[in-house]
Amino acid sequence: MVQLTKDWIQHNQILIYATGVLLAVIVSFAQPGLSSPLEQLINPVLAVLLYVTFLEIPFVKLRRAFTNGRFMLAALGMNFLVVPVVVFALTRFLPQDPVVLVGVFMVLLTPCIDYVISFTELANGDAEQITAATPVLLLIQLLLLPGYLWVFMGERVAEFIQAGPFIEA
């Protein structure tokens with residue numbers, strides 16, 4: 001029997017994700033009415049996934065992550081100064097349809113923290129330190145996203161974004 005370990009899951013994560021997506025597509029076609037009841041599970045599942053992500057935080061190294069000024073300056077500067085400028089520049093080449101832009105801004109300005117950790121690990125960076133900083137990065141992302149959307153799109157963003165889901169998140 002294959003033992004499900006962190007290393008095995010990380011090594012096979014593409015296959016696991018692809019299998020999950022394929023199963024979701026098959027189930028959605030086989031049982032189209034199933035989506036409404038399952039929709040109620042989205043927030044609880046996301047909460048569990050965040051909880052599991054935060055279980056990975058090496059609390060003994062948490063203090064080191066926050067007292068390492070160069071690391072925090074680099075992480076915060078990249079995430080909240082450099083990335084928004086790059087994202088804004090890249091979106092100039094996209095169709096200027098507000099619905100498209102809102103989606104692109106939301107995806108690129110608030111990347112999934114799991115991806116940040118994975119890419120840091122792939123680049124042989126200090127994944128434990130970035131994992132320890134994830135709660136701060138996540139909170140700042142959520143707080144700054146409405147401001148970025150307003151700066152990048154102006155008042156027209158209010159036509160496409162409602163405050164309720166942000167507050168709920």
# chains A, B, ... in the order shown; residues from 1 in each chain; ligands from 1
>>> residues_around(residues="range 62-71 of chain A", least_positions_apart="3", cutoff="10 Å", atoms="only C-alpha atoms", output="PyMOL selection string")
chain A and resi 57-59+74-77+126+128-133+136
>>> closest_atom_pairs(of="range 50-166 of chain A", to="range 8-25 of chain A", cutoff="12 Å", atoms="only C-alpha atoms", output="tab-separated table")
residue	atom	partner	partner_atom	distance
A:Asp114	CA	A:Gln10	CA	11.6
A:Tyr115	CA	A:Gln13	CA	11.8
A:Ile117	CA	A:Gln10	CA	11.8
A:Ser118	CA	A:Gln10	CA	9.1
A:Glu121	CA	A:Gln10	CA	10.8
A:Leu122	CA	A:Gln10	CA	11.0
>>> residues_around(residues="Phe160 in chain A", least_positions_apart="2", cutoff="10 Å", atoms="only C-alpha atoms", output="JSON, numbers by chain")
{"A": [98, 99, 102, 156, 157, 158, 162]}
>>> atom_distance(atom1="CA of Asn43 in chain A", atom2="CA of Ala30 in chain A")
23.7 Å
>>> residues_around(residues="Ala47 in chain A", least_positions_apart="6", cutoff="12 Å", atoms="only C-alpha atoms", output="count of residues only")
5
>>> select_by_dssp(residues="range 29-118 of chain A", states="alpha helix (DSSP H)", output="CSV table (one decimal) with all heavy atoms, in the first residue's frame")
chain,number,residue,atom,x,y,z
A,29,PHE,N,-20.8,16.7,-15.5
A,29,PHE,CA,-21.6,16.3,-16.7
A,29,PHE,C,-22.5,15.2,-16.3
A,29,PHE,O,-23.6,15.2,-16.8
A,29,PHE,CB,-20.6,15.9,-17.8
A,29,PHE,CG,-20.1,17.0,-18.6
A,29,PHE,CD1,-18.7,17.3,-18.5
A,29,PHE,CD2,-20.9,17.9,-19.3
A,29,PHE,CE1,-18.2,18.4,-19.2
A,29,PHE,CE2,-20.4,19.0,-20.0
A,29,PHE,CZ,-19.0,19.2,-20.0
A,30,ALA,N,-22.1,14.3,-15.4
A,30,ALA,CA,-23.0,13.2,-15.1
A,30,ALA,C,-24.1,13.6,-14.2
A,30,ALA,O,-25.2,13.0,-14.3
A,30,ALA,CB,-22.1,12.1,-14.4
A,35,SER,N,-24.3,20.5,-8.6
A,35,SER,CA,-23.5,21.7,-8.3
A,35,SER,C,-24.1,22.6,-7.2
A,35,SER,O,-23.4,23.2,-6.4
A,35,SER,CB,-23.2,22.5,-9.6
A,35,SER,OG,-24.4,23.0,-10.1
A,36,SER,N,-25.4,22.8,-7.2
A,36,SER,CA,-26.0,23.7,-6.2
A,36,SER,C,-25.8,23.3,-4.8
A,36,SER,O,-25.4,24.1,-4.0
A,36,SER,CB,-27.5,23.9,-6.5
A,36,SER,OG,-27.7,24.6,-7.7
A,37,PRO,N,-26.1,22.0,-4.4
A,37,PRO,CA,-25.8,21.6,-3.1
A,37,PRO,C,-24.3,21.6,-2.7
A,37,PRO,O,-24.0,22.0,-1.6
A,37,PRO,CB,-26.3,20.2,-3.0
A,37,PRO,CG,-27.2,20.0,-4.2
A,37,PRO,CD,-26.8,21.0,-5.2
A,38,LEU,N,-23.5,21.3,-3.7
A,38,LEU,CA,-22.0,21.3,-3.4
A,38,LEU,C,-21.5,22.7,-3.2
A,38,LEU,O,-20.4,22.9,-2.6
A,38,LEU,CB,-21.3,20.5,-4.5
A,38,LEU,CG,-21.5,19.0,-4.5
A,38,LEU,CD1,-20.7,18.4,-5.7
A,38,LEU,CD2,-21.1,18.4,-3.2
A,39,GLU,N,-22.2,23.7,-3.8
A,39,GLU,CA,-21.7,25.0,-3.7
A,39,GLU,C,-21.6,25.5,-2.3
A,39,GLU,O,-20.8,26.3,-1.9
A,39,GLU,CB,-22.7,25.9,-4.5
A,39,GLU,CG,-22.2,27.3,-4.8
A,39,GLU,CD,-23.1,28.0,-5.7
A,39,GLU,OE1,-23.5,27.5,-6.8
A,39,GLU,OE2,-23.6,29.1,-5.3
A,42,ILE,N,-18.1,25.2,-0.6
A,42,ILE,CA,-16.9,25.9,-1.0
A,42,ILE,C,-16.2,26.6,0.2
A,42,ILE,O,-15.0,26.4,0.4
A,42,ILE,CB,-17.3,27.0,-2.1
A,42,ILE,CG1,-17.7,26.2,-3.4
A,42,ILE,CG2,-16.1,27.9,-2.4
A,42,ILE,CD1,-18.2,27.1,-4.5
A,43,ASN,N,-16.9,27.4,1.0
A,43,ASN,CA,-16.2,28.1,2.1
A,43,ASN,C,-15.7,27.2,3.1
A,43,ASN,O,-14.5,27.4,3.6
A,43,ASN,CB,-17.2,29.2,2.7
A,43,ASN,CG,-17.3,30.4,1.8
A,43,ASN,OD1,-16.4,30.6,0.9
A,43,ASN,ND2,-18.3,31.2,2.0
A,44,PRO,N,-16.4,26.2,3.5
A,44,PRO,CA,-15.8,25.2,4.5
A,44,PRO,C,-14.6,24.5,4.0
A,44,PRO,O,-13.6,24.4,4.7
A,44,PRO,CB,-16.9,24.2,4.8
A,44,PRO,CG,-18.2,25.0,4.5
A,44,PRO,CD,-17.8,25.9,3.4
A,45,VAL,N,-14.6,24.1,2.7
A,45,VAL,CA,-13.4,23.5,2.1
A,45,VAL,C,-12.2,24.4,2.1
A,45,VAL,O,-11.1,24.1,2.4
A,45,VAL,CB,-13.7,22.9,0.8
A,45,VAL,CG1,-12.5,22.4,0.0
A,45,VAL,CG2,-14.7,21.7,0.9
A,46,LEU,N,-12.5,25.7,1.7
A,46,LEU,CA,-11.4,26.7,1.6
A,46,LEU,C,-10.9,26.9,3.0
A,46,LEU,O,-9.7,27.1,3.2
A,46,LEU,CB,-11.9,28.0,1.0
A,46,LEU,CG,-12.2,28.0,-0.5
A,46,LEU,CD1,-12.8,29.3,-0.9
A,46,LEU,CD2,-10.9,27.7,-1.2
A,47,ALA,N,-11.7,26.9,4.0
A,47,ALA,CA,-11.3,27.1,5.4
A,47,ALA,C,-10.4,26.0,5.9
A,47,ALA,O,-9.3,26.2,6.5
A,47,ALA,CB,-12.5,27.3,6.4
A,48,VAL,N,-10.8,24.8,5.5
A,48,VAL,CA,-9.9,23.6,5.8
A,48,VAL,C,-8.6,23.7,5.1
A,48,VAL,O,-7.5,23.4,5.7
A,48,VAL,CB,-10.7,22.3,5.5
A,48,VAL,CG1,-9.7,21.1,5.6
A,48,VAL,CG2,-11.9,22.1,6.4
A,49,LEU,N,-8.6,24.1,3.8
A,49,LEU,CA,-7.4,24.2,3.1
A,49,LEU,C,-6.4,25.2,3.7
A,49,LEU,O,-5.2,25.0,3.8
A,49,LEU,CB,-7.6,24.5,1.6
A,49,LEU,CG,-8.3,23.3,0.8
A,49,LEU,CD1,-8.6,23.8,-0.6
A,49,LEU,CD2,-7.3,22.1,0.7
A,50,LEU,N,-7.0,26.4,4.1
A,50,LEU,CA,-6.2,27.4,4.8
A,50,LEU,C,-5.7,26.9,6.1
A,50,LEU,O,-4.5,27.1,6.4
A,50,LEU,CB,-7.0,28.7,5.0
A,50,LEU,CG,-7.1,29.7,3.9
A,50,LEU,CD1,-8.1,30.8,4.2
A,50,LEU,CD2,-5.7,30.2,3.6
A,51,TYR,N,-6.5,26.2,6.8
A,51,TYR,CA,-6.1,25.6,8.1
A,51,TYR,C,-4.9,24.7,7.9
A,51,TYR,O,-3.9,24.8,8.6
A,51,TYR,CB,-7.2,24.9,8.8
A,51,TYR,CG,-6.9,24.3,10.1
A,51,TYR,CD1,-6.6,25.0,11.2
A,51,TYR,CD2,-6.8,22.9,10.2
A,51,TYR,CE1,-6.3,24.4,12.4
A,51,TYR,CE2,-6.5,22.3,11.4
A,51,TYR,CZ,-6.2,23.0,12.5
A,51,TYR,OH,-5.9,22.4,13.7
A,52,VAL,N,-5.0,23.8,6.9
A,52,VAL,CA,-3.9,22.9,6.7
A,52,VAL,C,-2.7,23.6,6.2
A,52,VAL,O,-1.6,23.2,6.7
A,52,VAL,CB,-4.4,21.8,5.6
A,52,VAL,CG1,-3.2,21.0,5.1
A,52,VAL,CG2,-5.5,20.9,6.2
A,53,THR,N,-2.8,24.6,5.4
A,53,THR,CA,-1.7,25.4,5.0
A,53,THR,C,-1.0,26.1,6.2
A,53,THR,O,0.2,26.0,6.4
A,53,THR,CB,-2.1,26.5,4.0
A,53,THR,OG1,-2.6,25.9,2.9
A,53,THR,CG2,-0.9,27.4,3.7
A,54,PHE,N,-1.8,26.6,7.1
A,54,PHE,CA,-1.2,27.3,8.3
A,54,PHE,C,-0.7,26.3,9.3
A,54,PHE,O,0.2,26.6,10.1
A,54,PHE,CB,-2.3,28.2,9.0
A,54,PHE,CG,-2.6,29.4,8.2
A,54,PHE,CD1,-3.8,30.0,8.2
A,54,PHE,CD2,-1.6,30.0,7.3
A,54,PHE,CE1,-4.1,31.1,7.5
A,54,PHE,CE2,-1.9,31.1,6.6
A,54,PHE,CZ,-3.1,31.7,6.6
A,55,LEU,N,-1.1,25.0,9.2
A,55,LEU,CA,-0.5,24.0,10.1
A,55,LEU,C,1.0,23.8,9.7
A,55,LEU,O,1.8,23.3,10.5
A,55,LEU,CB,-1.2,22.6,9.9
A,55,LEU,CG,-2.5,22.5,10.7
A,55,LEU,CD1,-3.2,21.2,10.4
A,55,LEU,CD2,-2.4,22.7,12.2
A,62,LEU,N,8.9,31.3,13.3
A,62,LEU,CA,8.1,32.4,13.1
A,62,LEU,C,8.8,33.7,13.5
A,62,LEU,O,8.8,34.7,12.7
A,62,LEU,CB,6.7,32.3,13.8
A,62,LEU,CG,5.6,33.2,13.4
A,62,LEU,CD1,5.2,33.0,12.0
A,62,LEU,CD2,4.4,32.9,14.3
A,63,ARG,N,9.4,33.7,14.6
A,63,ARG,CA,10.0,34.9,15.1
A,63,ARG,C,11.2,35.3,14.2
A,63,ARG,O,11.4,36.5,13.9
A,63,ARG,CB,10.6,34.7,16.5
A,63,ARG,CG,11.2,35.9,17.1
A,63,ARG,CD,11.5,35.7,18.6
A,63,ARG,NE,12.1,36.9,19.1
A,63,ARG,CZ,13.2,36.9,19.8
A,63,ARG,NH1,13.8,35.8,20.2
A,63,ARG,NH2,13.7,38.1,20.2
A,64,ARG,N,11.9,34.3,13.7
A,64,ARG,CA,13.1,34.6,12.8
A,64,ARG,C,12.6,35.2,11.5
A,64,ARG,O,13.2,36.1,11.0
A,64,ARG,CB,13.8,33.2,12.5
A,64,ARG,CG,15.0,33.4,11.6
A,64,ARG,CD,15.8,32.1,11.4
A,64,ARG,NE,15.0,31.1,10.7
A,64,ARG,CZ,15.2,30.9,9.4
A,64,ARG,NH1,16.1,31.5,8.7
A,64,ARG,NH2,14.5,29.9,8.8
A,65,ALA,N,11.4,34.8,11.0
A,65,ALA,CA,10.9,35.3,9.8
A,65,ALA,C,10.5,36.8,9.9
A,65,ALA,O,10.8,37.6,9.0
A,65,ALA,CB,9.6,34.5,9.3
A,66,PHE,N,10.0,37.2,11.1
A,66,PHE,CA,9.6,38.5,11.3
A,66,PHE,C,10.7,39.4,11.7
A,66,PHE,O,10.6,40.7,11.6
A,66,PHE,CB,8.4,38.6,12.3
A,66,PHE,CG,7.2,38.0,11.7
A,66,PHE,CD1,6.6,36.8,12.2
A,66,PHE,CD2,6.5,38.7,10.6
A,66,PHE,CE1,5.5,36.3,11.6
A,66,PHE,CE2,5.4,38.1,10.1
A,66,PHE,CZ,4.9,36.9,10.6
A,67,THR,N,11.8,38.9,12.3
A,67,THR,CA,12.9,39.7,12.7
A,67,THR,C,14.0,39.8,11.6
A,67,THR,O,14.9,40.6,11.8
A,67,THR,CB,13.5,39.1,14.0
A,67,THR,OG1,13.9,37.8,13.8
A,67,THR,CG2,12.5,39.2,15.2
A,69,GLY,N,14.7,41.4,8.8
A,69,GLY,CA,14.3,42.6,8.1
A,69,GLY,C,14.5,42.6,6.6
A,69,GLY,O,13.6,43.0,5.9
A,70,ARG,N,15.6,42.1,6.2
A,70,ARG,CA,15.9,42.0,4.8
A,70,ARG,C,14.9,41.0,4.1
A,70,ARG,O,14.3,41.3,3.0
A,70,ARG,CB,17.3,41.5,4.5
A,70,ARG,CG,18.3,42.5,4.7
A,70,ARG,CD,19.7,42.1,4.5
A,70,ARG,NE,19.8,41.2,3.3
A,70,ARG,CZ,20.8,40.4,3.0
A,70,ARG,NH1,21.8,40.3,3.9
A,70,ARG,NH2,20.8,39.7,1.9
A,71,PHE,N,14.6,39.9,4.7
A,71,PHE,CA,13.6,39.0,4.1
A,71,PHE,C,12.2,39.6,4.0
A,71,PHE,O,11.6,39.6,3.0
A,71,PHE,CB,13.5,37.7,5.0
A,71,PHE,CG,12.4,36.8,4.6
A,71,PHE,CD1,12.4,36.0,3.5
A,71,PHE,CD2,11.2,36.8,5.4
A,71,PHE,CE1,11.3,35.3,3.1
A,71,PHE,CE2,10.1,36.0,5.0
A,71,PHE,CZ,10.2,35.3,3.9
A,72,MET,N,11.7,40.2,5.1
A,72,MET,CA,10.4,40.8,5.2
A,72,MET,C,10.3,41.9,4.2
A,72,MET,O,9.3,42.1,3.5
A,72,MET,CB,10.0,41.2,6.6
A,72,MET,CG,9.7,40.0,7.5
A,72,MET,SD,8.4,38.9,6.8
A,72,MET,CE,6.9,39.9,7.0
A,73,LEU,N,11.3,42.7,4.1
A,73,LEU,CA,11.3,43.9,3.2
A,73,LEU,C,11.3,43.3,1.8
A,73,LEU,O,10.5,43.9,0.9
A,73,LEU,CB,12.6,44.7,3.4
A,73,LEU,CG,12.7,46.0,2.6
A,73,LEU,CD1,11.5,46.9,3.0
A,73,LEU,CD2,14.0,46.7,2.8
A,74,ALA,N,12.0,42.3,1.4
A,74,ALA,CA,12.0,41.7,0.1
A,74,ALA,C,10.6,41.1,-0.2
A,74,ALA,O,10.1,41.3,-1.3
A,74,ALA,CB,13.1,40.7,0.0
A,75,ALA,N,10.1,40.4,0.7
A,75,ALA,CA,8.8,39.7,0.5
A,75,ALA,C,7.7,40.7,0.3
A,75,ALA,O,6.9,40.6,-0.6
A,75,ALA,CB,8.5,38.8,1.7
A,76,LEU,N,7.6,41.7,1.2
A,76,LEU,CA,6.6,42.7,1.2
A,76,LEU,C,6.8,43.6,-0.1
A,76,LEU,O,5.8,44.0,-0.8
A,76,LEU,CB,6.6,43.6,2.4
A,76,LEU,CG,6.2,42.8,3.7
A,76,LEU,CD1,6.4,43.7,4.9
A,76,LEU,CD2,4.7,42.4,3.6
A,77,GLY,N,8.0,44.0,-0.4
A,77,GLY,CA,8.3,44.8,-1.5
A,77,GLY,C,7.9,44.2,-2.8
A,77,GLY,O,7.3,44.8,-3.7
A,83,VAL,N,5.2,43.5,-7.9
A,83,VAL,CA,4.2,42.7,-8.6
A,83,VAL,C,3.0,43.6,-9.1
A,83,VAL,O,2.6,43.5,-10.3
A,83,VAL,CB,3.7,41.6,-7.7
A,83,VAL,CG1,2.5,40.9,-8.3
A,83,VAL,CG2,4.8,40.5,-7.6
A,84,PRO,N,2.5,44.5,-8.3
A,84,PRO,CA,1.4,45.3,-8.9
A,84,PRO,C,1.8,46.1,-10.1
A,84,PRO,O,1.0,46.3,-11.1
A,84,PRO,CB,1.0,46.3,-7.7
A,84,PRO,CG,1.4,45.5,-6.5
A,84,PRO,CD,2.6,44.7,-6.9
A,85,VAL,N,3.0,46.7,-10.1
A,85,VAL,CA,3.5,47.4,-11.3
A,85,VAL,C,3.6,46.5,-12.5
A,85,VAL,O,3.1,46.9,-13.6
A,85,VAL,CB,4.8,48.1,-11.0
A,85,VAL,CG1,5.4,48.7,-12.2
A,85,VAL,CG2,4.6,49.2,-9.9
A,86,VAL,N,4.1,45.3,-12.3
A,86,VAL,CA,4.3,44.4,-13.4
A,86,VAL,C,2.9,43.9,-13.9
A,86,VAL,O,2.6,43.9,-15.1
A,86,VAL,CB,5.1,43.2,-13.0
A,86,VAL,CG1,5.1,42.1,-14.0
A,86,VAL,CG2,6.6,43.6,-12.7
A,87,VAL,N,2.0,43.6,-13.0
A,87,VAL,CA,0.6,43.2,-13.4
A,87,VAL,C,-0.1,44.3,-14.1
A,87,VAL,O,-0.7,44.1,-15.2
A,87,VAL,CB,-0.2,42.8,-12.1
A,87,VAL,CG1,-1.7,42.7,-12.5
A,87,VAL,CG2,0.4,41.5,-11.5
A,88,PHE,N,0.0,45.6,-13.7
A,88,PHE,CA,-0.6,46.7,-14.4
A,88,PHE,C,0.0,46.8,-15.8
A,88,PHE,O,-0.8,47.0,-16.8
A,88,PHE,CB,-0.4,48.0,-13.6
A,88,PHE,CG,-1.1,49.1,-14.3
A,88,PHE,CD1,-2.4,49.3,-14.2
A,88,PHE,CD2,-0.3,50.1,-15.0
A,88,PHE,CE1,-3.1,50.4,-14.8
A,88,PHE,CE2,-1.0,51.1,-15.6
A,88,PHE,CZ,-2.3,51.3,-15.5
A,89,ALA,N,1.3,46.7,-15.9
A,89,ALA,CA,1.9,46.8,-17.3
A,89,ALA,C,1.5,45.6,-18.2
A,89,ALA,O,1.2,45.9,-19.4
A,89,ALA,CB,3.4,46.8,-17.1
A,90,LEU,N,1.4,44.4,-17.6
A,90,LEU,CA,1.0,43.3,-18.5
A,90,LEU,C,-0.5,43.4,-18.9
A,90,LEU,O,-0.8,43.0,-20.0
A,90,LEU,CB,1.2,42.0,-17.7
A,90,LEU,CG,2.6,41.5,-17.5
A,90,LEU,CD1,2.6,40.3,-16.5
A,90,LEU,CD2,3.3,41.2,-18.8
A,91,THR,N,-1.3,44.0,-18.1
A,91,THR,CA,-2.7,44.1,-18.4
A,91,THR,C,-3.0,45.1,-19.5
A,91,THR,O,-4.1,45.1,-20.1
A,91,THR,CB,-3.6,44.4,-17.2
A,91,THR,OG1,-3.2,45.7,-16.7
A,91,THR,CG2,-3.6,43.3,-16.2
A,98,PRO,N,-13.7,45.3,-18.7
A,98,PRO,CA,-13.6,45.4,-17.2
A,98,PRO,C,-13.8,44.0,-16.6
A,98,PRO,O,-13.1,43.8,-15.6
A,98,PRO,CB,-14.7,46.3,-16.8
A,98,PRO,CG,-15.0,47.2,-18.0
A,98,PRO,CD,-14.7,46.3,-19.2
A,99,VAL,N,-14.6,43.2,-17.1
A,99,VAL,CA,-14.8,41.9,-16.5
A,99,VAL,C,-13.5,41.0,-16.6
A,99,VAL,O,-13.1,40.4,-15.6
A,99,VAL,CB,-16.0,41.1,-17.1
A,99,VAL,CG1,-16.1,39.7,-16.6
A,99,VAL,CG2,-17.3,41.9,-16.9
A,100,VAL,N,-12.8,41.1,-17.7
A,100,VAL,CA,-11.6,40.4,-17.9
A,100,VAL,C,-10.5,41.0,-17.0
A,100,VAL,O,-9.8,40.2,-16.3
A,100,VAL,CB,-11.1,40.5,-19.4
A,100,VAL,CG1,-9.7,39.9,-19.5
A,100,VAL,CG2,-12.1,39.7,-20.3
A,101,LEU,N,-10.4,42.3,-16.9
A,101,LEU,CA,-9.4,42.9,-16.1
A,101,LEU,C,-9.6,42.6,-14.6
A,101,LEU,O,-8.6,42.4,-13.9
A,101,LEU,CB,-9.4,44.4,-16.3
A,101,LEU,CG,-8.9,44.9,-17.7
A,101,LEU,CD1,-9.1,46.4,-17.8
A,101,LEU,CD2,-7.5,44.5,-17.9
A,102,VAL,N,-10.8,42.7,-14.1
A,102,VAL,CA,-11.1,42.4,-12.7
A,102,VAL,C,-10.6,40.9,-12.4
A,102,VAL,O,-9.9,40.7,-11.4
A,102,VAL,CB,-12.6,42.5,-12.3
A,102,VAL,CG1,-12.9,41.9,-11.0
A,102,VAL,CG2,-13.0,44.0,-12.3
A,103,GLY,N,-10.9,40.0,-13.3
A,103,GLY,CA,-10.5,38.6,-13.0
A,103,GLY,C,-9.0,38.5,-13.0
A,103,GLY,O,-8.4,37.9,-12.2
A,104,VAL,N,-8.3,39.1,-14.0
A,104,VAL,CA,-6.9,39.1,-14.1
A,104,VAL,C,-6.2,39.7,-12.9
A,104,VAL,O,-5.3,39.2,-12.3
A,104,VAL,CB,-6.4,39.7,-15.4
A,104,VAL,CG1,-4.8,39.9,-15.4
A,104,VAL,CG2,-6.8,38.9,-16.6
A,105,PHE,N,-6.7,40.9,-12.5
A,105,PHE,CA,-6.2,41.6,-11.3
A,105,PHE,C,-6.3,40.8,-10.1
A,105,PHE,O,-5.4,40.7,-9.3
A,105,PHE,CB,-6.8,43.0,-11.2
A,105,PHE,CG,-6.3,44.0,-12.1
A,105,PHE,CD1,-7.2,44.9,-12.7
A,105,PHE,CD2,-5.0,44.2,-12.4
A,105,PHE,CE1,-6.8,45.9,-13.6
A,105,PHE,CE2,-4.5,45.1,-13.3
A,105,PHE,CZ,-5.5,46.0,-13.9
A,106,MET,N,-7.5,40.2,-9.9
A,106,MET,CA,-7.7,39.4,-8.7
A,106,MET,C,-6.8,38.2,-8.6
A,106,MET,O,-6.3,37.8,-7.6
A,106,MET,CB,-9.2,39.0,-8.6
A,106,MET,CG,-10.1,40.1,-8.3
A,106,MET,SD,-11.8,39.7,-8.2
A,106,MET,CE,-11.9,38.9,-6.6
A,107,VAL,N,-6.6,37.5,-9.8
A,107,VAL,CA,-5.7,36.3,-9.8
A,107,VAL,C,-4.3,36.7,-9.6
A,107,VAL,O,-3.5,36.0,-8.8
A,107,VAL,CB,-5.9,35.5,-11.1
A,107,VAL,CG1,-4.9,34.5,-11.3
A,107,VAL,CG2,-7.3,34.9,-11.1
A,108,LEU,N,-3.8,37.7,-10.3
A,108,LEU,CA,-2.4,38.0,-10.2
A,108,LEU,C,-2.0,38.9,-9.0
A,108,LEU,O,-0.8,38.8,-8.6
A,108,LEU,CB,-2.0,38.8,-11.5
A,108,LEU,CG,-2.1,37.9,-12.8
A,108,LEU,CD1,-1.7,38.7,-14.0
A,108,LEU,CD2,-1.3,36.6,-12.7
A,109,LEU,N,-2.9,39.6,-8.5
A,109,LEU,CA,-2.5,40.5,-7.3
A,109,LEU,C,-2.7,39.7,-6.0
A,109,LEU,O,-2.2,40.2,-5.0
A,109,LEU,CB,-3.3,41.8,-7.3
A,109,LEU,CG,-3.0,42.7,-8.4
A,109,LEU,CD1,-4.0,43.9,-8.4
A,109,LEU,CD2,-1.6,43.2,-8.3
A,113,ILE,N,-1.3,31.5,-1.7
A,113,ILE,CA,-0.1,31.4,-0.9
A,113,ILE,C,0.6,30.0,-1.1
A,113,ILE,O,1.8,29.9,-1.1
A,113,ILE,CB,-0.5,31.6,0.6
A,113,ILE,CG1,-0.9,33.0,0.8
A,113,ILE,CG2,0.7,31.3,1.5
A,113,ILE,CD1,0.0,34.1,0.5
A,114,ASP,N,-0.2,29.0,-1.4
A,114,ASP,CA,0.4,27.7,-1.6
A,114,ASP,C,1.3,27.7,-2.8
A,114,ASP,O,2.4,27.1,-2.8
A,114,ASP,CB,-0.7,26.6,-1.9
A,114,ASP,CG,-1.4,26.2,-0.6
A,114,ASP,OD1,-0.9,26.5,0.5
A,114,ASP,OD2,-2.4,25.5,-0.7
A,115,TYR,N,0.9,28.5,-3.8
A,115,TYR,CA,1.8,28.6,-5.0
A,115,TYR,C,3.1,29.3,-4.7
A,115,TYR,O,4.2,29.0,-5.1
A,115,TYR,CB,1.1,29.3,-6.2
A,115,TYR,CG,0.0,28.5,-6.7
A,115,TYR,CD1,-1.3,29.1,-7.0
A,115,TYR,CD2,0.1,27.2,-7.0
A,115,TYR,CE1,-2.3,28.4,-7.5
A,115,TYR,CE2,-1.0,26.4,-7.5
A,115,TYR,CZ,-2.2,27.1,-7.8
A,115,TYR,OH,-3.2,26.3,-8.3
A,116,VAL,N,3.0,30.4,-3.9
A,116,VAL,CA,4.2,31.1,-3.5
A,116,VAL,C,5.1,30.2,-2.7
A,116,VAL,O,6.3,30.2,-3.0
A,116,VAL,CB,3.8,32.3,-2.6
A,116,VAL,CG1,5.0,33.1,-2.0
A,116,VAL,CG2,2.9,33.3,-3.4
A,117,ILE,N,4.6,29.4,-1.8
A,117,ILE,CA,5.5,28.5,-1.1
A,117,ILE,C,6.1,27.5,-2.0
A,117,ILE,O,7.3,27.2,-2.0
A,117,ILE,CB,4.7,27.8,0.0
A,117,ILE,CG1,4.2,28.8,1.1
A,117,ILE,CG2,5.5,26.7,0.7
A,117,ILE,CD1,3.1,28.3,2.0
A,118,SER,N,5.3,26.9,-2.9
A,118,SER,CA,5.8,25.9,-3.9
A,118,SER,C,6.9,26.5,-4.8
A,118,SER,O,7.9,25.9,-5.0
A,118,SER,CB,4.6,25.4,-4.8
A,118,SER,OG,3.7,24.7,-4.0
